[in-house]
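Text of structure-v1.cif (mmCIF, C-alpha atoms) as supplied:
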data_run
loop_
_atom_site.group_PDB
_atom_site.id
_atom_site.type_symbol
_atom_site.label_atom_id
_atom_site.label_comp_id
_atom_site.auth_asym_id
_atom_site.auth_seq_id
_atom_site.Cartn_x
_atom_site.Cartn_y
_atom_site.Cartn_z
ATOM 1 C CA MET A 1 34.353 6.511 -25.675
ATOM 2 C CA PRO A 2 34.736 6.147 -21.874
ATOM 3 C CA ASP A 3 32.320 9.071 -21.384
ATOM 4 C CA LEU A 4 29.807 7.505 -23.752
ATOM 5 C CA LEU A 5 30.138 4.142 -22.018
ATOM 6 C CA GLY A 6 29.596 5.777 -18.651
ATOM 7 C CA LEU A 7 26.536 7.609 -19.955
ATOM 8 C CA VAL A 8 25.004 4.401 -21.299
ATOM 9 C CA THR A 9 25.782 2.597 -18.042
ATOM 10 C CA TYR A 10 24.095 5.324 -16.037
ATOM 11 C CA GLY A 11 21.157 5.289 -18.457
ATOM 12 C CA THR A 12 20.526 1.609 -17.819
ATOM 13 C CA PHE A 13 20.923 2.228 -14.072
ATOM 14 C CA PHE A 14 18.319 5.004 -14.282
ATOM 15 C CA LEU A 15 15.884 2.859 -16.267
ATOM 16 C CA VAL A 16 16.151 -0.059 -13.822
ATOM 17 C CA PHE A 17 15.104 2.214 -10.961
ATOM 18 C CA ALA A 18 12.330 3.690 -13.108
ATOM 19 C CA ALA A 19 11.034 0.158 -13.813
ATOM 20 C CA ILE A 20 11.149 -0.706 -10.095
ATOM 21 C CA PHE A 21 9.252 2.446 -9.141
ATOM 22 C CA ALA A 22 6.754 1.811 -11.937
ATOM 23 C CA THR A 23 6.148 -1.698 -10.567
ATOM 24 C CA ILE A 24 5.372 -0.292 -7.120
ATOM 25 C CA ALA A 25 3.195 2.448 -8.646
ATOM 26 C CA LEU A 26 1.126 -0.203 -10.444
ATOM 27 C CA GLY A 27 0.357 -1.788 -7.080
ATOM 28 C CA LEU A 28 -0.729 1.558 -5.642
ATOM 29 C CA ASN A 29 -2.786 2.293 -8.748
ATOM 30 C CA LEU A 30 -4.792 -0.893 -8.224
ATOM 31 C CA GLN A 31 -5.564 0.210 -4.674
ATOM 32 C CA TRP A 32 -6.185 3.914 -5.155
ATOM 33 C CA GLY A 33 -6.798 4.405 -8.870
ATOM 34 C CA PHE A 34 -9.294 1.568 -9.259
ATOM 35 C CA THR A 35 -10.597 0.910 -5.729
ATOM 36 C CA GLY A 36 -10.178 4.217 -3.884
ATOM 37 C CA LEU A 37 -8.086 2.783 -1.033
ATOM 38 C CA PHE A 38 -5.922 5.505 0.529
ATOM 39 C CA ASN A 39 -2.785 3.483 1.375
ATOM 40 C CA VAL A 40 -0.077 5.692 2.896
ATOM 41 C CA GLY A 41 1.999 2.712 4.025
ATOM 42 C CA VAL A 42 3.587 1.898 0.669
ATOM 43 C CA ALA A 43 7.137 2.002 2.047
ATOM 44 C CA GLY A 44 6.291 -0.595 4.685
ATOM 45 C CA PHE A 45 5.105 -3.212 2.190
ATOM 46 C CA VAL A 46 8.063 -2.506 -0.087
ATOM 47 C CA ALA A 47 10.313 -3.098 2.932
ATOM 48 C CA ILE A 48 8.608 -6.421 3.698
ATOM 49 C CA GLY A 49 9.309 -7.626 0.176
ATOM 50 C CA ALA A 50 12.899 -6.413 0.170
ATOM 51 C CA TYR A 51 13.828 -7.939 3.534
ATOM 52 C CA THR A 52 11.990 -11.200 2.901
ATOM 53 C CA SER A 53 13.726 -11.805 -0.413
ATOM 54 C CA ALA A 54 17.095 -10.764 1.002
ATOM 55 C CA ILE A 55 16.811 -13.103 4.000
ATOM 56 C CA LEU A 56 15.646 -16.033 1.901
ATOM 57 C CA THR A 57 18.373 -15.728 -0.744
ATOM 58 C CA ALA A 58 21.453 -14.353 1.031
ATOM 59 C CA PRO A 59 24.229 -16.892 1.720
ATOM 60 C CA ASP A 60 24.652 -18.147 5.279
ATOM 61 C CA TYR A 61 28.046 -16.705 6.218
ATOM 62 C CA PRO A 62 29.456 -18.131 9.473
ATOM 63 C CA ASP A 63 31.014 -14.877 10.676
ATOM 64 C CA GLN A 64 28.183 -12.430 9.874
ATOM 65 C CA LEU A 65 24.447 -12.175 9.430
ATOM 66 C CA GLY A 66 23.291 -14.362 6.561
ATOM 67 C CA GLY A 67 20.204 -15.939 5.057
ATOM 68 C CA PHE A 68 18.943 -19.274 3.758
ATOM 69 C CA GLY A 69 20.734 -19.252 0.412
ATOM 70 C CA LEU A 70 17.616 -20.098 -1.629
ATOM 71 C CA PRO A 71 17.243 -19.288 -5.360
ATOM 72 C CA ILE A 72 16.347 -15.720 -6.197
ATOM 73 C CA VAL A 73 13.031 -16.694 -7.775
ATOM 74 C CA VAL A 74 12.054 -18.266 -4.443
ATOM 75 C CA GLY A 75 12.975 -15.016 -2.731
ATOM 76 C CA TRP A 76 10.739 -13.042 -5.061
ATOM 77 C CA LEU A 77 7.812 -15.394 -4.549
ATOM 78 C CA GLY A 78 8.419 -15.253 -0.805
ATOM 79 C CA ALA A 79 8.468 -11.441 -0.949
ATOM 80 C CA MET A 80 5.068 -11.369 -2.626
ATOM 81 C CA LEU A 81 3.653 -13.943 -0.215
ATOM 82 C CA ALA A 82 4.958 -12.128 2.875
ATOM 83 C CA ALA A 83 3.681 -8.747 1.688
ATOM 84 C CA GLY A 84 0.324 -10.276 0.780
ATOM 85 C CA LEU A 85 -0.001 -11.996 4.157
ATOM 86 C CA ALA A 86 0.849 -8.780 5.982
ATOM 87 C CA ALA A 87 -1.663 -6.908 3.841
ATOM 88 C CA ALA A 88 -4.365 -9.465 4.606
ATOM 89 C CA LEU A 89 -3.793 -9.105 8.349
ATOM 90 C CA VAL A 90 -3.748 -5.326 8.115
ATOM 91 C CA GLY A 91 -6.663 -5.187 5.725
ATOM 92 C CA LEU A 92 -8.998 -7.256 7.882
ATOM 93 C CA ALA A 93 -8.839 -4.468 10.469
ATOM 94 C CA ALA A 94 -7.844 -1.337 8.586
ATOM 95 C CA LEU A 95 -10.240 -1.679 5.647
ATOM 96 C CA ARG A 96 -13.144 -1.249 8.015
ATOM 97 C CA LEU A 97 -12.003 2.364 8.196
ATOM 98 C CA ARG A 98 -12.441 5.015 5.531
ATOM 99 C CA HIS A 99 -10.289 7.669 3.898
ATOM 100 C CA ASP A 100 -8.344 9.636 6.538
ATOM 101 C CA TYR A 101 -8.515 6.870 9.128
ATOM 102 C CA LEU A 102 -7.249 4.267 6.677
ATOM 103 C CA ALA A 103 -4.411 6.610 5.696
ATOM 104 C CA ILE A 104 -3.394 7.141 9.321
ATOM 105 C CA THR A 105 -3.502 3.407 10.027
ATOM 106 C CA THR A 106 -1.398 2.392 7.033
ATOM 107 C CA PHE A 107 1.092 5.187 7.714
ATOM 108 C CA GLY A 108 1.475 4.006 11.305
ATOM 109 C CA ILE A 109 2.017 0.435 10.130
ATOM 110 C CA ALA A 110 4.742 1.557 7.713
ATOM 111 C CA VAL A 111 6.553 3.480 10.441
ATOM 112 C CA THR A 112 6.241 0.484 12.762
ATOM 113 C CA LEU A 113 7.751 -1.845 10.163
ATOM 114 C CA GLN A 114 10.628 0.570 9.593
ATOM 115 C CA LEU A 115 11.325 0.678 13.339
ATOM 116 C CA ILE A 116 11.204 -3.125 13.522
ATOM 117 C CA ALA A 117 13.775 -3.318 10.734
ATOM 118 C CA LEU A 118 15.907 -0.817 12.628
ATOM 119 C CA ASN A 119 15.797 -2.673 15.956
ATOM 120 C CA ALA A 120 15.564 -6.368 14.998
ATOM 121 C CA GLN A 121 19.306 -6.553 14.430
ATOM 122 C CA GLY A 122 19.472 -10.322 14.628
ATOM 123 C CA ILE A 123 17.140 -10.657 11.633
ATOM 124 C CA THR A 124 17.429 -7.468 9.599
ATOM 125 C CA GLY A 125 20.933 -6.315 10.537
ATOM 126 C CA GLY A 126 19.488 -3.260 12.262
ATOM 127 C CA ALA A 127 20.952 0.079 11.233
ATOM 128 C CA PHE A 128 23.788 -1.741 9.428
ATOM 129 C CA GLY A 129 21.314 -3.413 7.080
ATOM 130 C CA LEU A 130 21.699 -6.592 5.066
ATOM 131 C CA GLN A 131 24.654 -7.013 2.744
ATOM 132 C CA PHE A 132 25.733 -9.530 0.100
ATOM 133 C CA ILE A 133 22.248 -9.881 -1.356
ATOM 134 C CA PRO A 134 22.752 -12.061 -4.443
ATOM 135 C CA LYS A 135 22.344 -10.501 -7.871
ATOM 136 C CA PRO A 136 20.978 -12.506 -10.810
ATOM 137 C CA PHE A 137 23.258 -12.920 -13.840
ATOM 138 C CA GLU A 138 26.302 -11.694 -11.883
ATOM 139 C CA SER A 139 28.205 -14.905 -12.590
ATOM 140 C CA LEU A 140 27.509 -14.465 -16.307
ATOM 141 C CA ALA A 141 27.884 -10.723 -16.840
ATOM 142 C CA GLY A 142 29.938 -9.587 -13.866
ATOM 143 C CA LYS A 143 29.354 -5.919 -13.047
ATOM 144 C CA GLY A 144 28.891 -2.730 -15.037
ATOM 145 C CA LEU A 145 26.985 -2.149 -18.252
ATOM 146 C CA ALA A 146 26.426 -5.802 -19.220
ATOM 147 C CA TRP A 147 24.903 -6.682 -15.858
ATOM 148 C CA ASN A 148 22.818 -3.478 -15.738
ATOM 149 C CA ALA A 149 21.449 -4.276 -19.202
ATOM 150 C CA LEU A 150 20.498 -7.830 -18.221
ATOM 151 C CA TYR A 151 18.818 -6.668 -15.022
ATOM 152 C CA LEU A 152 17.005 -3.944 -16.964
ATOM 153 C CA ALA A 153 15.665 -6.580 -19.357
ATOM 154 C CA LEU A 154 14.504 -8.649 -16.366
ATOM 155 C CA ALA A 155 12.876 -5.657 -14.643
ATOM 156 C CA LEU A 156 11.107 -4.644 -17.861
ATOM 157 C CA ALA A 157 9.901 -8.215 -18.369
ATOM 158 C CA VAL A 158 8.431 -8.227 -14.857
ATOM 159 C CA LEU A 159 6.886 -4.798 -15.409
ATOM 160 C CA GLY A 160 5.420 -5.797 -18.773
ATOM 161 C CA THR A 161 3.950 -8.999 -17.352
ATOM 162 C CA LEU A 162 2.387 -7.135 -14.448
ATOM 163 C CA TYR A 163 0.980 -4.476 -16.755
ATOM 164 C CA ALA A 164 -0.618 -7.051 -19.045
ATOM 165 C CA ALA A 165 -2.050 -9.004 -16.103
ATOM 166 C CA LEU A 166 -3.453 -5.900 -14.403
ATOM 167 C CA GLU A 167 -4.981 -4.654 -17.640
ATOM 168 C CA ARG A 168 -6.878 -7.933 -17.969
ATOM 169 C CA LEU A 169 -7.928 -7.762 -14.331
ATOM 170 C CA VAL A 170 -9.228 -4.202 -14.303
ATOM 171 C CA ARG A 171 -11.101 -4.715 -17.592
ATOM 172 C CA SER A 172 -12.743 -7.886 -16.293
ATOM 173 C CA PRO A 173 -15.998 -8.003 -14.289
ATOM 174 C CA TRP A 174 -13.821 -8.027 -11.145
ATOM 175 C CA GLY A 175 -12.243 -4.722 -12.175
ATOM 176 C CA ARG A 176 -15.618 -3.188 -12.969
ATOM 177 C CA VAL A 177 -16.778 -4.064 -9.460
ATOM 178 C CA LEU A 178 -13.734 -2.261 -8.061
ATOM 179 C CA ARG A 179 -14.653 0.880 -9.996
ATOM 180 C CA ALA A 180 -18.241 0.597 -8.822
ATOM 181 C CA ILE A 181 -17.080 0.373 -5.199
ATOM 182 C CA ARG A 182 -14.805 3.359 -5.712
ATOM 183 C CA GLU A 183 -17.600 5.483 -7.152
ATOM 184 C CA ASP A 184 -20.498 4.429 -4.909
ATOM 185 C CA GLU A 185 -20.059 1.576 -2.462
ATOM 186 C CA LEU A 186 -23.698 1.600 -1.375
ATOM 187 C CA ALA A 187 -24.872 1.232 -4.956
ATOM 188 C CA ALA A 188 -22.459 -1.649 -5.517
ATOM 189 C CA ALA A 189 -23.650 -3.341 -2.319
ATOM 190 C CA SER A 190 -27.260 -2.937 -3.399
ATOM 191 C CA LEU A 191 -26.405 -5.045 -6.465
ATOM 192 C CA GLY A 192 -25.208 -7.867 -4.239
ATOM 193 C CA LYS A 193 -21.470 -7.119 -4.394
ATOM 194 C CA ARG A 194 -19.522 -7.776 -1.191
ATOM 195 C CA ALA A 195 -17.577 -4.541 -1.076
ATOM 196 C CA ALA A 196 -15.428 -5.531 1.900
ATOM 197 C CA ALA A 197 -14.199 -8.693 0.178
ATOM 198 C CA PHE A 198 -13.348 -6.855 -3.043
ATOM 199 C CA ARG A 199 -11.515 -4.102 -1.173
ATOM 200 C CA LEU A 200 -9.472 -6.693 0.699
ATOM 201 C CA GLN A 201 -8.594 -8.526 -2.525
ATOM 202 C CA SER A 202 -7.473 -5.291 -4.185
ATOM 203 C CA PHE A 203 -5.441 -4.277 -1.134
ATOM 204 C CA VAL A 204 -3.683 -7.646 -0.883
ATOM 205 C CA ILE A 205 -2.847 -7.886 -4.594
ATOM 206 C CA GLY A 206 -1.572 -4.300 -4.630
ATOM 207 C CA CYS A 207 0.669 -4.938 -1.617
ATOM 208 C CA MET A 208 1.999 -8.153 -3.188
ATOM 209 C CA ILE A 209 3.081 -6.087 -6.201
ATOM 210 C CA MET A 210 4.748 -3.597 -3.855
ATOM 211 C CA GLY A 211 6.569 -6.469 -2.160
ATOM 212 C CA LEU A 212 7.809 -7.667 -5.538
ATOM 213 C CA GLY A 213 9.046 -4.150 -6.235
ATOM 214 C CA GLY A 214 10.967 -4.241 -2.958
ATOM 215 C CA ALA A 215 12.563 -7.547 -3.943
ATOM 216 C CA LEU A 216 13.581 -6.123 -7.333
ATOM 217 C CA TYR A 217 15.205 -3.213 -5.529
ATOM 218 C CA ALA A 218 17.063 -5.398 -3.025
ATOM 219 C CA HIS A 219 18.605 -7.668 -5.646
ATOM 220 C CA PHE A 220 19.616 -4.754 -7.855
ATOM 221 C CA VAL A 221 21.335 -2.714 -5.146
ATOM 222 C CA GLY A 222 22.686 -5.708 -3.202
ATOM 223 C CA TYR A 223 22.303 -3.923 0.130
ATOM 224 C CA ILE A 224 19.273 -2.679 2.068
ATOM 225 C CA ALA A 225 18.894 -0.747 5.315
ATOM 226 C CA PRO A 226 15.930 0.769 7.204
ATOM 227 C CA GLU A 227 16.747 4.222 5.823
ATOM 228 C CA ASP A 228 15.820 2.963 2.343
ATOM 229 C CA PHE A 229 12.160 2.677 3.394
ATOM 230 C CA LEU A 230 11.400 6.017 5.003
ATOM 231 C CA PRO A 231 8.052 7.804 4.402
ATOM 232 C CA ILE A 232 9.671 9.796 1.584
ATOM 233 C CA LEU A 233 9.421 6.637 -0.543
ATOM 234 C CA THR A 234 5.654 6.612 -0.092
ATOM 235 C CA PHE A 235 5.549 10.290 -1.065
ATOM 236 C CA GLN A 236 7.552 9.578 -4.216
ATOM 237 C CA ILE A 237 5.280 6.735 -5.321
ATOM 238 C CA TRP A 238 2.123 8.758 -4.700
ATOM 239 C CA THR A 239 3.579 11.656 -6.684
ATOM 240 C CA MET A 240 4.419 9.321 -9.559
ATOM 241 C CA LEU A 241 0.878 7.982 -9.649
ATOM 242 C CA ILE A 242 -0.802 11.388 -9.463
ATOM 243 C CA VAL A 243 1.493 12.951 -12.060
ATOM 244 C CA GLY A 244 1.022 10.033 -14.441
ATOM 245 C CA GLY A 245 -2.695 9.668 -13.853
ATOM 246 C CA SER A 246 -4.421 7.411 -11.333
ATOM 247 C CA GLY A 247 -6.814 4.839 -12.710
ATOM 248 C CA ASN A 248 -4.566 4.343 -15.748
ATOM 249 C CA ASN A 249 -1.806 1.726 -15.662
ATOM 250 C CA ARG A 250 0.087 3.396 -18.499
ATOM 251 C CA GLY A 251 -0.134 6.631 -16.532
ATOM 252 C CA ALA A 252 1.386 4.971 -13.465
ATOM 253 C CA ILE A 253 4.357 3.815 -15.539
ATOM 254 C CA LEU A 254 4.771 7.184 -17.268
ATOM 255 C CA GLY A 255 4.537 9.040 -13.965
ATOM 256 C CA ALA A 256 7.267 6.858 -12.471
ATOM 257 C CA VAL A 257 9.625 7.715 -15.327
ATOM 258 C CA VAL A 258 8.835 11.440 -15.297
ATOM 259 C CA VAL A 259 9.106 11.970 -11.536
ATOM 260 C CA TRP A 260 12.243 9.819 -11.257
ATOM 261 C CA LEU A 261 13.779 11.870 -14.091
ATOM 262 C CA VAL A 262 12.949 15.129 -12.309
ATOM 263 C CA TRP A 263 14.282 13.728 -9.033
ATOM 264 C CA THR A 264 17.540 12.594 -10.649
ATOM 265 C CA LEU A 265 18.169 15.780 -12.643
ATOM 266 C CA SER A 266 17.363 18.034 -9.696
ATOM 267 C CA GLY A 267 19.728 16.066 -7.464
ATOM 268 C CA GLY A 268 22.544 16.411 -9.980
ATOM 269 C CA ALA A 269 21.878 20.139 -10.417
ATOM 270 C CA LEU A 270 21.860 20.768 -6.675
ATOM 271 C CA ARG A 271 25.130 18.891 -6.192
ATOM 272 C CA ALA A 272 26.695 21.030 -8.903
ATOM 273 C CA ILE A 273 25.377 24.372 -7.617
ATOM 274 C CA VAL A 274 25.236 24.087 -3.827
ATOM 275 C CA PRO A 275 28.515 24.173 -1.826
ATOM 276 C CA ALA A 276 29.663 20.881 -0.352
ATOM 277 C CA ASP A 277 29.033 21.970 3.240
ATOM 278 C CA GLN A 278 25.375 22.704 2.415
ATOM 279 C CA GLN A 279 24.602 19.483 0.546
ATOM 280 C CA ALA A 280 22.611 17.992 3.422
ATOM 281 C CA ARG A 281 20.271 20.966 3.540
ATOM 282 C CA ALA A 282 20.066 21.194 -0.214
ATOM 283 C CA ALA A 283 18.831 17.609 -0.419
ATOM 284 C CA ALA A 284 15.555 18.780 1.130
ATOM 285 C CA LEU A 285 15.049 21.045 -1.890
ATOM 286 C CA GLN A 286 14.457 17.936 -3.989
ATOM 287 C CA ILE A 287 11.405 17.137 -1.893
ATOM 288 C CA VAL A 288 10.223 20.731 -2.238
ATOM 289 C CA LEU A 289 10.656 20.534 -6.009
ATOM 290 C CA ILE A 290 8.628 17.319 -6.239
ATOM 291 C CA GLY A 291 5.971 18.923 -4.044
ATOM 292 C CA VAL A 292 5.804 21.923 -6.389
ATOM 293 C CA LEU A 293 5.505 19.555 -9.355
ATOM 294 C CA LEU A 294 2.691 17.698 -7.613
ATOM 295 C CA GLY A 295 0.861 20.933 -6.795
ATOM 296 C CA ALA A 296 1.216 22.164 -10.358
ATOM 297 C CA MET A 297 -0.176 18.914 -11.741
ATOM 298 C CA LEU A 298 -3.169 19.050 -9.395
ATOM 299 C CA LEU A 299 -3.921 22.599 -10.550
ATOM 300 C CA LEU A 300 -3.217 22.286 -14.269
ATOM 301 C CA ARG A 301 -3.955 18.623 -14.997
ATOM 302 C CA PRO A 302 -5.810 17.110 -12.037
ATOM 303 C CA ARG A 303 -6.292 13.867 -13.972
ATOM 304 C CA GLY A 304 -2.532 13.546 -14.571
ATOM 305 C CA LEU A 305 -0.613 13.224 -17.813
ATOM 306 C CA LEU A 306 -2.706 10.211 -18.803
ATOM 307 C CA GLY A 307 -6.047 10.329 -17.053
ATOM 308 C CA GLU A 308 -8.321 7.391 -16.481
ATOM 309 C CA GLU A 309 -9.798 6.028 -19.693
ATOM 310 C CA THR A 310 -13.515 6.655 -20.017
ATOM 311 C CA THR A 311 -15.556 3.612 -20.982
ATOM 312 C CA VAL A 312 -18.853 4.153 -22.744
ATOM 313 C CA SER A 313 -21.518 1.540 -23.321
ATOM 314 C CA ARG A 314 -22.132 0.493 -26.930
ATOM 315 C CA HIS A 315 -25.799 1.284 -26.524
ATOM 316 C CA ALA A 316 -25.281 4.734 -25.031
ATOM 317 C CA THR A 317 -27.077 7.582 -26.747
ATOM 318 C CA PRO A 318 -25.124 10.526 -28.205
ATOM 319 C CA SER A 319 -26.214 12.741 -25.339
ATOM 320 C CA THR A 320 -24.965 10.161 -22.848
ATOM 321 C CA GLU A 321 -21.603 9.918 -24.606
ATOM 322 C CA SER A 322 -21.149 13.686 -24.619
ATOM 323 C CA SER A 323 -21.949 13.933 -20.945
ATOM 324 C CA THR A 324 -19.491 11.092 -20.179
#
What would you get if you wrote out this structure as structure tokens?
Amino acid sequence: MPDLLGLVTYGTFFLVFAAIFATIALGLNLQWGFTGLFNVGVAGFVAIGAYTSAILTAPDYPDQLGGFGLPIVVGWLGAMLAAGLAAALVGLAALRLRHDYLAITTFGIAVTLQLIALNAQGITGGAFGLQFIPKPFESLAGKGLAWNALYLALALAVLGTLYAALERLVRSPWGRVLRAIREDELAAASLGKRAAAFRLQSFVIGCMIMGLGGALYAHFVGYIAPEDFLPILTFQIWTMLIVGGSGNNRGAILGAVVVWLVWTLSGGALRAIVPADQQARAAALQIVLIGVLLGAMLLLRPRGLLGEETTVSRHATPSTESST
């Protein structure tokens, strides 16, 4: 029975992280999958959300770094607002660029934010991070399986709400404009669509979702530090989206679960096989394994496990449908 209880507890722990990663992947899918925005600064916007929510909700301890002690829901709203504001400021300049240049700019911004978190010790705790981040339901369920289950239900509720909202958005005229911009911006502009405004809207909304994902992470773990938001996080989220299938919200969620499962199982296998004195080096093999998985998916299933759904007009001819 203790082994079974431990397995169930770990299962809920695993699923909470999968739901958090899926939330972040949905934000990236809106940017890349539907709009074609190459954002390589995912970790930076996740960090903004995590630190904002932590600072707003952590108690104000007199003998150590504290926060404002606000309700957790305020912290989550603040995380989305802060990430969205940062995205708007970045987007006004960076979205004038294309493809490689946009990727370099967003990557540089993410690294800059990570260095700010590392050096702004009076605000972020520096290398020591922020502790005592409040956890919802802790007064009711304590710790362990009961609390993990409640937080899992909350994370799934957030994920389900986001999925439903994004599905309505991308299937609306607004979403069709995003696809048009992704496929041929000049053609979309010739129809009177302000491509720059739509790109900025997609970028801001996607980053707000990433900020919410960061807040979910902070309040689940209860402690955050700059090392939690290294570029490897961006690599993980991109891999999840590509494996699952960009341009498909269900694919983004599925990819998050699959890649996180591979990451978790490979880490456990390496810890069991590799000697203790080589664990640090062996950890890099996880990244190699995910890279191999990503390469295999690009070769075998370039559209991912669940590719983008093809929409066909009702009045399309049979020849048009077959070509689509």
For the file shown, report as a PDB file with C-alpha atoms, keeping the file's coordinate frame the outcome of the PyMOL selection byres ((chain A and resi 238-253) around 10) at residue level.
ATOM      1  CA  ALA A  18      12.330   3.690 -13.108  1.00  0.00           C
ATOM      2  CA  ALA A  19      11.034   0.158 -13.813  1.00  0.00           C
ATOM      3  CA  ILE A  20      11.149  -0.706 -10.095  1.00  0.00           C
ATOM      4  CA  PHE A  21       9.252   2.446  -9.141  1.00  0.00           C
ATOM      5  CA  ALA A  22       6.754   1.811 -11.937  1.00  0.00           C
ATOM      6  CA  THR A  23       6.148  -1.698 -10.567  1.00  0.00           C
ATOM      7  CA  ILE A  24       5.372  -0.292  -7.120  1.00  0.00           C
ATOM      8  CA  ALA A  25       3.195   2.448  -8.646  1.00  0.00           C
ATOM      9  CA  LEU A  26       1.126  -0.203 -10.444  1.00  0.00           C
ATOM     10  CA  GLY A  27       0.357  -1.788  -7.080  1.00  0.00           C
ATOM     11  CA  LEU A  28      -0.729   1.558  -5.642  1.00  0.00           C
ATOM     12  CA  ASN A  29      -2.786   2.293  -8.748  1.00  0.00           C
ATOM     13  CA  LEU A  30      -4.792  -0.893  -8.224  1.00  0.00           C
ATOM     14  CA  GLN A  31      -5.564   0.210  -4.674  1.00  0.00           C
ATOM     15  CA  TRP A  32      -6.185   3.914  -5.155  1.00  0.00           C
ATOM     16  CA  GLY A  33      -6.798   4.405  -8.870  1.00  0.00           C
ATOM     17  CA  PHE A  34      -9.294   1.568  -9.259  1.00  0.00           C
ATOM     18  CA  THR A  35     -10.597   0.910  -5.729  1.00  0.00           C
ATOM     19  CA  GLY A  36     -10.178   4.217  -3.884  1.00  0.00           C
ATOM     20  CA  ASN A  39      -2.785   3.483   1.375  1.00  0.00           C
ATOM     21  CA  VAL A  40      -0.077   5.692   2.896  1.00  0.00           C
ATOM     22  CA  VAL A  42       3.587   1.898   0.669  1.00  0.00           C
ATOM     23  CA  LEU A 159       6.886  -4.798 -15.409  1.00  0.00           C
ATOM     24  CA  LEU A 162       2.387  -7.135 -14.448  1.00  0.00           C
ATOM     25  CA  TYR A 163       0.980  -4.476 -16.755  1.00  0.00           C
ATOM     26  CA  ALA A 164      -0.618  -7.051 -19.045  1.00  0.00           C
ATOM     27  CA  LEU A 166      -3.453  -5.900 -14.403  1.00  0.00           C
ATOM     28  CA  GLU A 167      -4.981  -4.654 -17.640  1.00  0.00           C
ATOM     29  CA  VAL A 170      -9.228  -4.202 -14.303  1.00  0.00           C
ATOM     30  CA  ARG A 179     -14.653   0.880  -9.996  1.00  0.00           C
ATOM     31  CA  ILE A 232       9.671   9.796   1.584  1.00  0.00           C
ATOM     32  CA  LEU A 233       9.421   6.637  -0.543  1.00  0.00           C
ATOM     33  CA  THR A 234       5.654   6.612  -0.092  1.00  0.00           C
ATOM     34  CA  PHE A 235       5.549  10.290  -1.065  1.00  0.00           C
ATOM     35  CA  GLN A 236       7.552   9.578  -4.216  1.00  0.00           C
ATOM     36  CA  ILE A 237       5.280   6.735  -5.321  1.00  0.00           C
ATOM     37  CA  LEU A 254       4.771   7.184 -17.268  1.00  0.00           C
ATOM     38  CA  GLY A 255       4.537   9.040 -13.965  1.00  0.00           C
ATOM     39  CA  ALA A 256       7.267   6.858 -12.471  1.00  0.00           C
ATOM     40  CA  VAL A 257       9.625   7.715 -15.327  1.00  0.00           C
ATOM     41  CA  VAL A 258       8.835  11.440 -15.297  1.00  0.00           C
ATOM     42  CA  VAL A 259       9.106  11.970 -11.536  1.00  0.00           C
ATOM     43  CA  TRP A 260      12.243   9.819 -11.257  1.00  0.00           C
ATOM     44  CA  ILE A 290       8.628  17.319  -6.239  1.00  0.00           C
ATOM     45  CA  GLY A 291       5.971  18.923  -4.044  1.00  0.00           C
ATOM     46  CA  LEU A 293       5.505  19.555  -9.355  1.00  0.00           C
ATOM     47  CA  LEU A 294       2.691  17.698  -7.613  1.00  0.00           C
ATOM     48  CA  GLY A 295       0.861  20.933  -6.795  1.00  0.00           C
ATOM     49  CA  ALA A 296       1.216  22.164 -10.358  1.00  0.00           C
ATOM     50  CA  MET A 297      -0.176  18.914 -11.741  1.00  0.00           C
ATOM     51  CA  LEU A 298      -3.169  19.050  -9.395  1.00  0.00           C
ATOM     52  CA  ARG A 301      -3.955  18.623 -14.997  1.00  0.00           C
ATOM     53  CA  PRO A 302      -5.810  17.110 -12.037  1.00  0.00           C
ATOM     54  CA  ARG A 303      -6.292  13.867 -13.972  1.00  0.00           C
ATOM     55  CA  GLY A 304      -2.532  13.546 -14.571  1.00  0.00           C
ATOM     56  CA  LEU A 305      -0.613  13.224 -17.813  1.00  0.00           C
ATOM     57  CA  LEU A 306      -2.706  10.211 -18.803  1.00  0.00           C
ATOM     58  CA  GLY A 307      -6.047  10.329 -17.053  1.00  0.00           C
ATOM     59  CA  GLU A 308      -8.321   7.391 -16.481  1.00  0.00           C
ATOM     60  CA  GLU A 309      -9.798   6.028 -19.693  1.00  0.00           C
TER      61      GLU A 309
END
Length of the atom CA of A:Ala269 to atom CA of A:Gly129 vector [Å]: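 Between these atoms lies a distance of 29.3 Å.
When the PyMOL selection byres ((chain A and resi 104-118) around 8) is run on the displayed coordinates, the residues it returns are Asn39, Val40, Gly41, Val42, Ala43, Gly44, Phe45, Ala47, Ile48, Ala94, Asp100, Tyr101, Leu102, Ala103, Asn119, Ala120, Gln121, Thr124, Gly125, Gly126, Ala127, Ala225, Pro226, Phe229, Leu230 and Pro231 of chain A.
For the pair atom CA of A:Asp60 and atom CA of A:Gly122, the separation is 13.2 Å.
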Atom CA of A:Lys193 to atom CA of A:Pro173, straight-line distance in Å: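 These atoms are spaced 11.3 Å apart.
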Kindly resolve the PyMOL selection byres ((chain A and resi 198) around 9) on the present coordinates and return the residues as number ranges by chain. A: 35, 174, 177-178, 181, 193-197, 199-203
Nearest residue to A:Asn148 out of A:Met208, A:Leu15, A:Val90, A:Ala180, using all atoms listed in the file? A:Leu15
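The residue that comes closest to A:Glu138, out of A:Cys207, A:His219, A:Asp184, A:Gly268 and on the basis of all atoms listed in the file, is A:His219.
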For a quick check of understanding, using all atoms listed in the file, which of A:Gly6, A:Gly75, A:Pro134, A:Gly11 has the smallest distance to A:Thr264?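 So, comparing all the options, the nearest one is A:Gly11.
Near A:Gln131, within 8 Å and counting all atoms listed in the file, sit Gly222, Tyr223 and Ile224 of chain A; same-chain residues fewer than 3 positions away were not included.
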Using all atoms of stretch 5-20 of chain A listed in the file and a margin of 4 Å per side, can you give the axis-aligned box centre and edge lengths in Å to one decimal, as JSON?
{"center_x": 20.6, "center_y": 3.5, "center_z": -16.1, "size_x": 27.1, "size_y": 16.3, "size_z": 19.9}
